[in-house]
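Trainee: If it helps, the file is called coords_21.cif and holds mmCIF, N, CA and C atoms:
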data_entry
loop_
_atom_site.group_PDB
_atom_site.id
_atom_site.type_symbol
_atom_site.label_atom_id
_atom_site.label_comp_id
_atom_site.auth_asym_id
_atom_site.auth_seq_id
_atom_site.Cartn_x
_atom_site.Cartn_y
_atom_site.Cartn_z
ATOM 1 N N MET A 1 -24.988 3.824 -0.770
ATOM 2 C CA MET A 1 -23.571 3.864 -1.054
ATOM 3 C C MET A 1 -22.890 4.969 -0.259
ATOM 4 N N LYS A 2 -23.567 6.129 -0.137
ATOM 5 C CA LYS A 2 -22.991 7.236 0.628
ATOM 6 C C LYS A 2 -22.778 6.842 2.079
ATOM 7 N N LYS A 3 -23.712 6.066 2.630
ATOM 8 C CA LYS A 3 -23.586 5.656 4.019
ATOM 9 C C LYS A 3 -22.390 4.731 4.210
ATOM 10 N N VAL A 4 -22.175 3.826 3.265
ATOM 11 C CA VAL A 4 -21.040 2.904 3.333
ATOM 12 C C VAL A 4 -19.739 3.686 3.242
ATOM 13 N N GLN A 5 -19.676 4.642 2.346
ATOM 14 C CA GLN A 5 -18.454 5.443 2.216
ATOM 15 C C GLN A 5 -18.203 6.258 3.478
ATOM 16 N N GLY A 6 -19.241 6.757 4.097
ATOM 17 C CA GLY A 6 -19.090 7.498 5.346
ATOM 18 C C GLY A 6 -18.549 6.625 6.461
ATOM 19 N N VAL A 7 -19.071 5.404 6.553
ATOM 20 C CA VAL A 7 -18.591 4.467 7.577
ATOM 21 C C VAL A 7 -17.135 4.117 7.314
ATOM 22 N N LEU A 8 -16.780 3.881 6.044
ATOM 23 C CA LEU A 8 -15.393 3.561 5.713
ATOM 24 C C LEU A 8 -14.460 4.731 6.023
ATOM 25 N N LEU A 9 -14.917 5.940 5.766
ATOM 26 C CA LEU A 9 -14.112 7.111 6.070
ATOM 27 C C LEU A 9 -13.893 7.255 7.567
ATOM 28 N N MET A 10 -14.924 7.025 8.352
ATOM 29 C CA MET A 10 -14.793 7.095 9.810
ATOM 30 C C MET A 10 -13.845 6.007 10.318
ATOM 31 N N THR A 11 -13.915 4.821 9.733
ATOM 32 C CA THR A 11 -13.002 3.743 10.108
ATOM 33 C C THR A 11 -11.568 4.115 9.764
ATOM 34 N N LEU A 12 -11.381 4.705 8.600
ATOM 35 C CA LEU A 12 -10.048 5.145 8.184
ATOM 36 C C LEU A 12 -9.484 6.158 9.168
ATOM 37 N N LEU A 13 -10.295 7.105 9.579
ATOM 38 C CA LEU A 13 -9.834 8.107 10.535
ATOM 39 C C LEU A 13 -9.519 7.497 11.889
ATOM 40 N N ALA A 14 -10.348 6.567 12.336
ATOM 41 C CA ALA A 14 -10.100 5.925 13.632
ATOM 42 C C ALA A 14 -8.822 5.116 13.608
ATOM 43 N N VAL A 15 -8.579 4.426 12.522
ATOM 44 C CA VAL A 15 -7.366 3.616 12.414
ATOM 45 C C VAL A 15 -6.137 4.508 12.330
ATOM 46 N N SER A 16 -6.239 5.594 11.590
ATOM 47 C CA SER A 16 -5.074 6.466 11.456
ATOM 48 C C SER A 16 -4.746 7.144 12.774
ATOM 49 N N MET A 17 -5.750 7.419 13.595
ATOM 50 C CA MET A 17 -5.498 8.013 14.905
ATOM 51 C C MET A 17 -4.813 7.020 15.836
ATOM 52 N N SER A 18 -5.204 5.763 15.763
ATOM 53 C CA SER A 18 -4.595 4.756 16.626
ATOM 54 C C SER A 18 -3.384 4.116 15.967
ATOM 55 N N GLY A 19 -2.936 4.651 14.867
ATOM 56 C CA GLY A 19 -1.811 4.084 14.132
ATOM 57 C C GLY A 19 -0.500 4.152 14.877
ATOM 58 N N THR A 20 -0.397 5.026 15.857
ATOM 59 C CA THR A 20 0.860 5.117 16.582
ATOM 60 C C THR A 20 1.117 3.876 17.420
ATOM 61 N N ALA A 21 0.069 3.173 17.787
ATOM 62 C CA ALA A 21 0.237 1.966 18.592
ATOM 63 C C ALA A 21 0.606 0.764 17.729
ATOM 64 N N MET A 22 0.297 0.808 16.440
ATOM 65 C CA MET A 22 0.593 -0.306 15.547
ATOM 66 C C MET A 22 1.889 -0.045 14.785
ATOM 67 N N ASP A 23 2.397 -1.083 14.200
ATOM 68 C CA ASP A 23 3.555 -0.997 13.331
ATOM 69 C C ASP A 23 3.186 -0.177 12.091
ATOM 70 N N LYS A 24 4.140 0.541 11.528
ATOM 71 C CA LYS A 24 3.851 1.380 10.366
ATOM 72 C C LYS A 24 3.394 0.558 9.167
ATOM 73 N N THR A 25 3.931 -0.636 9.002
ATOM 74 C CA THR A 25 3.521 -1.482 7.886
ATOM 75 C C THR A 25 2.078 -1.921 8.043
ATOM 76 N N ALA A 26 1.707 -2.347 9.243
ATOM 77 C CA ALA A 26 0.333 -2.780 9.498
ATOM 78 C C ALA A 26 -0.647 -1.615 9.389
ATOM 79 N N THR A 27 -0.244 -0.466 9.904
ATOM 80 C CA THR A 27 -1.099 0.717 9.810
ATOM 81 C C THR A 27 -1.335 1.088 8.353
ATOM 82 N N GLY A 28 -0.270 1.084 7.562
ATOM 83 C CA GLY A 28 -0.402 1.390 6.139
ATOM 84 C C GLY A 28 -1.292 0.406 5.418
ATOM 85 N N ALA A 29 -1.199 -0.873 5.776
ATOM 86 C CA ALA A 29 -2.036 -1.888 5.140
ATOM 87 C C ALA A 29 -3.507 -1.662 5.443
ATOM 88 N N VAL A 30 -3.807 -1.352 6.686
ATOM 89 C CA VAL A 30 -5.207 -1.126 7.071
ATOM 90 C C VAL A 30 -5.750 0.126 6.402
ATOM 91 N N ILE A 31 -4.992 1.211 6.439
ATOM 92 C CA ILE A 31 -5.451 2.450 5.814
ATOM 93 C C ILE A 31 -5.610 2.272 4.311
ATOM 94 N N GLY A 32 -4.655 1.594 3.671
ATOM 95 C CA GLY A 32 -4.749 1.344 2.236
ATOM 96 C C GLY A 32 -5.928 0.470 1.871
ATOM 97 N N ALA A 33 -6.198 -0.539 2.688
ATOM 98 C CA ALA A 33 -7.340 -1.423 2.414
ATOM 99 C C ALA A 33 -8.652 -0.669 2.534
ATOM 100 N N VAL A 34 -8.768 0.165 3.551
ATOM 101 C CA VAL A 34 -9.998 0.947 3.720
ATOM 102 C C VAL A 34 -10.165 1.935 2.570
ATOM 103 N N ALA A 35 -9.079 2.591 2.180
ATOM 104 C CA ALA A 35 -9.153 3.526 1.057
ATOM 105 C C ALA A 35 -9.489 2.802 -0.242
ATOM 106 N N GLY A 36 -8.898 1.628 -0.453
ATOM 107 C CA GLY A 36 -9.205 0.849 -1.655
ATOM 108 C C GLY A 36 -10.644 0.384 -1.684
ATOM 109 N N ALA A 37 -11.161 -0.001 -0.523
ATOM 110 C CA ALA A 37 -12.557 -0.435 -0.451
ATOM 111 C C ALA A 37 -13.503 0.739 -0.680
ATOM 112 N N ALA A 38 -13.127 1.908 -0.185
ATOM 113 C CA ALA A 38 -13.997 3.075 -0.326
ATOM 114 C C ALA A 38 -14.048 3.582 -1.759
ATOM 115 N N THR A 39 -12.940 3.485 -2.465
ATOM 116 C CA THR A 39 -12.893 4.050 -3.808
ATOM 117 C C THR A 39 -13.096 3.026 -4.912
ATOM 118 N N GLY A 40 -12.912 1.757 -4.613
ATOM 119 C CA GLY A 40 -13.020 0.720 -5.634
ATOM 120 C C GLY A 40 -14.351 0.010 -5.603
ATOM 121 N N LYS A 41 -14.492 -0.926 -6.510
ATOM 122 C CA LYS A 41 -15.746 -1.660 -6.626
ATOM 123 C C LYS A 41 -15.570 -3.151 -6.419
ATOM 124 N N SER A 42 -14.367 -3.573 -6.049
ATOM 125 C CA SER A 42 -14.144 -5.005 -5.926
ATOM 126 C C SER A 42 -13.131 -5.293 -4.825
ATOM 127 N N ILE A 43 -12.970 -6.571 -4.563
ATOM 128 C CA ILE A 43 -11.974 -7.019 -3.588
ATOM 129 C C ILE A 43 -10.569 -6.687 -4.085
ATOM 130 N N LYS A 44 -10.386 -6.691 -5.401
ATOM 131 C CA LYS A 44 -9.080 -6.372 -5.985
ATOM 132 C C LYS A 44 -8.637 -4.967 -5.573
ATOM 133 N N SER A 45 -9.557 -4.025 -5.515
ATOM 134 C CA SER A 45 -9.224 -2.668 -5.080
ATOM 135 C C SER A 45 -8.780 -2.647 -3.632
ATOM 136 N N THR A 46 -9.451 -3.427 -2.795
ATOM 137 C CA THR A 46 -9.101 -3.479 -1.380
ATOM 138 C C THR A 46 -7.726 -4.093 -1.189
ATOM 139 N N VAL A 47 -7.453 -5.190 -1.879
ATOM 140 C CA VAL A 47 -6.155 -5.854 -1.764
ATOM 141 C C VAL A 47 -5.044 -4.960 -2.312
ATOM 142 N N GLY A 48 -5.287 -4.336 -3.447
ATOM 143 C CA GLY A 48 -4.288 -3.425 -4.015
ATOM 144 C C GLY A 48 -3.988 -2.269 -3.086
ATOM 145 N N GLY A 49 -5.028 -1.719 -2.463
ATOM 146 C CA GLY A 49 -4.823 -0.647 -1.494
ATOM 147 C C GLY A 49 -4.027 -1.107 -0.290
ATOM 148 N N ALA A 50 -4.282 -2.329 0.156
ATOM 149 C CA ALA A 50 -3.538 -2.872 1.297
ATOM 150 C C ALA A 50 -2.064 -3.061 0.953
ATOM 151 N N VAL A 51 -1.783 -3.547 -0.238
ATOM 152 C CA VAL A 51 -0.390 -3.756 -0.657
ATOM 153 C C VAL A 51 0.350 -2.429 -0.751
ATOM 154 N N VAL A 52 -0.272 -1.460 -1.398
ATOM 155 C CA VAL A 52 0.371 -0.155 -1.544
ATOM 156 C C VAL A 52 0.553 0.506 -0.176
ATOM 157 N N GLY A 53 -0.460 0.411 0.672
ATOM 158 C CA GLY A 53 -0.363 1.004 2.006
ATOM 159 C C GLY A 53 0.700 0.348 2.869
ATOM 160 N N ALA A 54 0.773 -0.959 2.836
ATOM 161 C CA ALA A 54 1.782 -1.668 3.636
ATOM 162 C C ALA A 54 3.190 -1.339 3.161
ATOM 163 N N GLY A 55 3.375 -1.305 1.857
ATOM 164 C CA GLY A 55 4.693 -0.963 1.322
ATOM 165 C C GLY A 55 5.092 0.463 1.663
ATOM 166 N N THR A 56 4.136 1.368 1.595
ATOM 167 C CA THR A 56 4.408 2.759 1.951
ATOM 168 C C THR A 56 4.754 2.876 3.426
ATOM 169 N N GLY A 57 4.012 2.183 4.266
ATOM 170 C CA GLY A 57 4.313 2.196 5.696
ATOM 171 C C GLY A 57 5.692 1.640 5.982
ATOM 172 N N ALA A 58 6.058 0.581 5.292
ATOM 173 C CA ALA A 58 7.391 -0.009 5.484
ATOM 174 C C ALA A 58 8.480 0.963 5.065
ATOM 175 N N MET A 59 8.228 1.722 4.001
ATOM 176 C CA MET A 59 9.235 2.662 3.522
ATOM 177 C C MET A 59 9.416 3.850 4.470
ATOM 178 N N PHE A 60 8.420 4.140 5.290
ATOM 179 C CA PHE A 60 8.522 5.248 6.238
ATOM 180 C C PHE A 60 9.247 4.863 7.525
ATOM 181 N N LYS A 61 9.610 3.612 7.663
ATOM 182 C CA LYS A 61 10.353 3.196 8.845
ATOM 183 C C LYS A 61 11.765 3.768 8.785
ATOM 184 N N SER A 62 12.327 3.988 9.947
ATOM 185 C CA SER A 62 13.702 4.472 9.988
ATOM 186 C C SER A 62 14.645 3.286 10.179
ATOM 187 N N GLY A 63 15.897 3.530 9.966
ATOM 188 C CA GLY A 63 16.892 2.485 10.171
ATOM 189 C C GLY A 63 17.072 1.592 8.960
ATOM 190 N N ASP A 64 17.674 0.442 9.223
ATOM 191 C CA ASP A 64 18.016 -0.484 8.140
ATOM 192 C C ASP A 64 16.789 -1.080 7.462
ATOM 193 N N LYS A 65 15.747 -1.375 8.247
ATOM 194 C CA LYS A 65 14.538 -1.952 7.634
ATOM 195 C C LYS A 65 13.890 -0.970 6.672
ATOM 196 N N GLY A 66 13.816 0.299 7.053
ATOM 197 C CA GLY A 66 13.248 1.313 6.171
ATOM 198 C C GLY A 66 14.073 1.503 4.914
ATOM 199 N N LYS A 67 15.400 1.480 5.074
ATOM 200 C CA LYS A 67 16.282 1.628 3.915
ATOM 201 C C LYS A 67 16.111 0.461 2.950
ATOM 202 N N ALA A 68 16.019 -0.746 3.494
ATOM 203 C CA ALA A 68 15.804 -1.921 2.649
ATOM 204 C C ALA A 68 14.447 -1.856 1.962
ATOM 205 N N ALA A 69 13.428 -1.365 2.675
ATOM 206 C CA ALA A 69 12.090 -1.235 2.090
ATOM 207 C C ALA A 69 12.085 -0.203 0.970
ATOM 208 N N ARG A 70 12.806 0.900 1.153
ATOM 209 C CA ARG A 70 12.857 1.916 0.098
ATOM 210 C C ARG A 70 13.570 1.400 -1.149
ATOM 211 N N LYS A 71 14.643 0.649 -0.957
ATOM 212 C CA LYS A 71 15.335 0.051 -2.113
ATOM 213 C C LYS A 71 14.432 -0.948 -2.823
ATOM 214 N N GLY A 72 13.753 -1.789 -2.042
ATOM 215 C CA GLY A 72 12.825 -2.751 -2.633
ATOM 216 C C GLY A 72 11.674 -2.069 -3.342
ATOM 217 N N GLY A 73 11.207 -0.960 -2.778
ATOM 218 C CA GLY A 73 10.123 -0.204 -3.407
ATOM 219 C C GLY A 73 10.526 0.385 -4.745
ATOM 220 N N ALA A 74 11.752 0.878 -4.830
ATOM 221 C CA ALA A 74 12.229 1.438 -6.095
ATOM 222 C C ALA A 74 12.319 0.364 -7.179
ATOM 223 N N VAL A 75 12.854 -0.778 -6.822
ATOM 224 C CA VAL A 75 12.952 -1.880 -7.791
ATOM 225 C C VAL A 75 11.553 -2.371 -8.163
ATOM 226 N N GLY A 76 10.683 -2.505 -7.171
ATOM 227 C CA GLY A 76 9.316 -2.961 -7.430
ATOM 228 C C GLY A 76 8.540 -2.017 -8.328
ATOM 229 N N ALA A 77 8.770 -0.714 -8.176
ATOM 230 C CA ALA A 77 8.075 0.260 -9.021
ATOM 231 C C ALA A 77 8.472 0.103 -10.482
ATOM 232 N N VAL A 78 9.754 -0.109 -10.727
ATOM 233 C CA VAL A 78 10.228 -0.286 -12.102
ATOM 234 C C VAL A 78 9.661 -1.570 -12.699
ATOM 235 N N VAL A 79 9.727 -2.652 -11.923
ATOM 236 C CA VAL A 79 9.214 -3.937 -12.408
ATOM 237 C C VAL A 79 7.706 -3.867 -12.628
ATOM 238 N N GLY A 80 6.980 -3.263 -11.691
ATOM 239 C CA GLY A 80 5.522 -3.147 -11.827
ATOM 240 C C GLY A 80 5.109 -2.305 -13.019
ATOM 241 N N ALA A 81 5.818 -1.202 -13.245
ATOM 242 C CA ALA A 81 5.504 -0.345 -14.390
ATOM 243 C C ALA A 81 5.783 -1.071 -15.696
ATOM 244 N N GLY A 82 6.896 -1.799 -15.746
ATOM 245 C CA GLY A 82 7.222 -2.558 -16.964
ATOM 246 C C GLY A 82 6.217 -3.655 -17.240
ATOM 247 N N ALA A 83 5.821 -4.367 -16.198
ATOM 248 C CA ALA A 83 4.841 -5.440 -16.377
ATOM 249 C C ALA A 83 3.497 -4.888 -16.822
ATOM 250 N N ALA A 84 3.108 -3.757 -16.249
ATOM 251 C CA ALA A 84 1.827 -3.143 -16.640
ATOM 252 C C ALA A 84 1.869 -2.656 -18.080
ATOM 253 N N ALA A 85 2.989 -2.086 -18.489
ATOM 254 C CA ALA A 85 3.113 -1.607 -19.870
ATOM 255 C C ALA A 85 3.057 -2.755 -20.863
ATOM 256 N N MET A 86 3.678 -3.882 -20.510
ATOM 257 C CA MET A 86 3.685 -5.025 -21.421
ATOM 258 C C MET A 86 2.316 -5.689 -21.522
ATOM 259 N N THR A 87 1.515 -5.609 -20.473
ATOM 260 C CA THR A 87 0.193 -6.236 -20.497
ATOM 261 C C THR A 87 -0.912 -5.274 -20.902
ATOM 262 N N GLY A 88 -0.566 -4.014 -21.121
ATOM 263 C CA GLY A 88 -1.564 -3.049 -21.560
ATOM 264 C C GLY A 88 -2.378 -2.443 -20.432
ATOM 265 N N ASN A 89 -1.915 -2.573 -19.200
ATOM 266 C CA ASN A 89 -2.620 -1.983 -18.057
ATOM 267 C C ASN A 89 -2.024 -0.619 -17.722
ATOM 268 N N SER A 90 -2.583 0.038 -16.735
ATOM 269 C CA SER A 90 -2.128 1.356 -16.319
ATOM 270 C C SER A 90 -0.718 1.268 -15.743
ATOM 271 N N VAL A 91 0.196 2.022 -16.305
ATOM 272 C CA VAL A 91 1.578 2.014 -15.855
ATOM 273 C C VAL A 91 1.686 2.586 -14.442
ATOM 274 N N LEU A 92 0.898 3.624 -14.152
ATOM 275 C CA LEU A 92 0.945 4.218 -12.810
ATOM 276 C C LEU A 92 0.448 3.251 -11.745
ATOM 277 N N LYS A 93 -0.626 2.539 -12.050
ATOM 278 C CA LYS A 93 -1.117 1.534 -11.100
ATOM 279 C C LYS A 93 -0.090 0.427 -10.914
ATOM 280 N N GLY A 94 0.513 -0.007 -11.996
ATOM 281 C CA GLY A 94 1.539 -1.046 -11.912
ATOM 282 C C GLY A 94 2.725 -0.603 -11.081
ATOM 283 N N ALA A 95 3.126 0.651 -11.254
ATOM 284 C CA ALA A 95 4.245 1.169 -10.469
ATOM 285 C C ALA A 95 3.884 1.265 -8.996
ATOM 286 N N ALA A 96 2.666 1.688 -8.696
ATOM 287 C CA ALA A 96 2.243 1.821 -7.298
ATOM 288 C C ALA A 96 2.179 0.467 -6.598
ATOM 289 N N VAL A 97 1.557 -0.494 -7.248
ATOM 290 C CA VAL A 97 1.456 -1.830 -6.638
ATOM 291 C C VAL A 97 2.831 -2.486 -6.567
ATOM 292 N N GLY A 98 3.646 -2.295 -7.601
ATOM 293 C CA GLY A 98 5.002 -2.838 -7.583
ATOM 294 C C GLY A 98 5.845 -2.240 -6.475
ATOM 295 N N ALA A 99 5.716 -0.923 -6.257
ATOM 296 C CA ALA A 99 6.466 -0.273 -5.183
ATOM 297 C C ALA A 99 6.014 -0.783 -3.820
ATOM 298 N N GLY A 100 4.707 -0.952 -3.655
ATOM 299 C CA GLY A 100 4.201 -1.471 -2.383
ATOM 300 C C GLY A 100 4.686 -2.879 -2.106
ATOM 301 N N ALA A 101 4.594 -3.725 -3.117
ATOM 302 C CA ALA A 101 5.054 -5.105 -2.945
ATOM 303 C C ALA A 101 6.557 -5.150 -2.733
ATOM 304 N N GLY A 102 7.298 -4.355 -3.485
ATOM 305 C CA GLY A 102 8.749 -4.314 -3.326
ATOM 306 C C GLY A 102 9.168 -3.804 -1.961
ATOM 307 N N GLY A 103 8.437 -2.823 -1.441
ATOM 308 C CA GLY A 103 8.735 -2.314 -0.102
ATOM 309 C C GLY A 103 8.530 -3.366 0.964
ATOM 310 N N MET A 104 7.454 -4.136 0.837
ATOM 311 C CA MET A 104 7.200 -5.192 1.815
ATOM 312 C C MET A 104 8.255 -6.296 1.719
ATOM 313 N N VAL A 105 8.620 -6.651 0.484
ATOM 314 C CA VAL A 105 9.642 -7.692 0.303
ATOM 315 C C VAL A 105 10.986 -7.209 0.831
ATOM 316 N N GLY A 106 11.328 -5.945 0.536
ATOM 317 C CA GLY A 106 12.582 -5.397 1.020
ATOM 318 C C GLY A 106 12.665 -5.403 2.540
ATOM 319 N N GLU A 107 11.565 -5.061 3.185
ATOM 320 C CA GLU A 107 11.545 -5.056 4.648
ATOM 321 C C GLU A 107 11.637 -6.483 5.184
ATOM 322 N N ALA A 108 10.918 -7.386 4.575
ATOM 323 C CA ALA A 108 10.884 -8.766 5.061
ATOM 324 C C ALA A 108 12.212 -9.483 4.877
ATOM 325 N N THR A 109 12.926 -9.175 3.819
ATOM 326 C CA THR A 109 14.177 -9.881 3.567
ATOM 327 C C THR A 109 15.345 -9.302 4.339
ATOM 328 N N HIS A 110 15.142 -8.148 4.947
ATOM 329 C CA HIS A 110 16.251 -7.546 5.704
ATOM 330 C C HIS A 110 16.421 -8.223 7.037
#
Mind turning the file's structure into structure tokens?

Mentor:
Amino acid sequence: MKKVQGVLLMTLLAVSMSGTAMDKTATGAVIGAVAGAATGKSIKSTVGGAVVGAGTGAMFKSGDKGKAARKGGAVGAVVGAGAAAMTGNSVLKGAAVGAGAGGMVGEATH
């Protein structure tokens, strides 16, 4: 397991170094997926990390797309936290995934 985590960490570092050549949304998705895979035990962790990373990357964009992503992220965080609270899941996780999804939707709809 330690060897797998080491390889994932090295991949994360390599991707983050070459992130300037990729779009911020794509870079965030890759970094989030690697982090989710390294810390989680299932595909759900990897997908959740990718969603949060992509949304975060979209929110760091400048201009109108970044502004739309930040607005979408704020709405998504509220909706995700509410949905998690109603289903008995972690409110913080719900807010994080909701913000990531909202950021991606906000960027895409702009």

Trainee: For a test of reading the model, state the distance in Å between atom CA of A:Val78 and atom CA of A:Val91, rounded to one decimal.

Mentor: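 One can read the atom CA of A:Val78 to atom CA of A:Val91 distance as 9.7 Å.
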
Trainee: Can you pull out every residue within 6.5 Å of A:Ile31, counting all atoms listed in the file, but drop anything in the same chain fewer than 4 positions away, and send it as a ChimeraX atom specification?

Mentor: /A:12,26-27,35-36,49-50,53

Trainee: Could you check how far atom CA of A:Thr56 sits from atom CA of A:Ser42, in Å to one decimal?

Mentor: 21.6 Å

Trainee: What gap, in Å, lies between atom CA of A:Lys67 and atom CA of A:Val52?

Mentor: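 These two atoms are separated by 16.9 Å.
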
Trainee: Would you be able to write out as a ChimeraX atom specification which residues have an atom within 7 Å of (6.9, 1.9, -12.3) in the file's coordinates, counting only N, CA and C atoms?

Mentor: /A:76-82,91-92,94-96,98-99

Trainee: Would you please work out which residue, of A:Gly48, A:Val75, A:Ala68, A:Asn89, is nearest to A:Gly106 when using only N, CA and C atoms?

Mentor: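 Under the stated criterion, the closest residue is A:Ala68.
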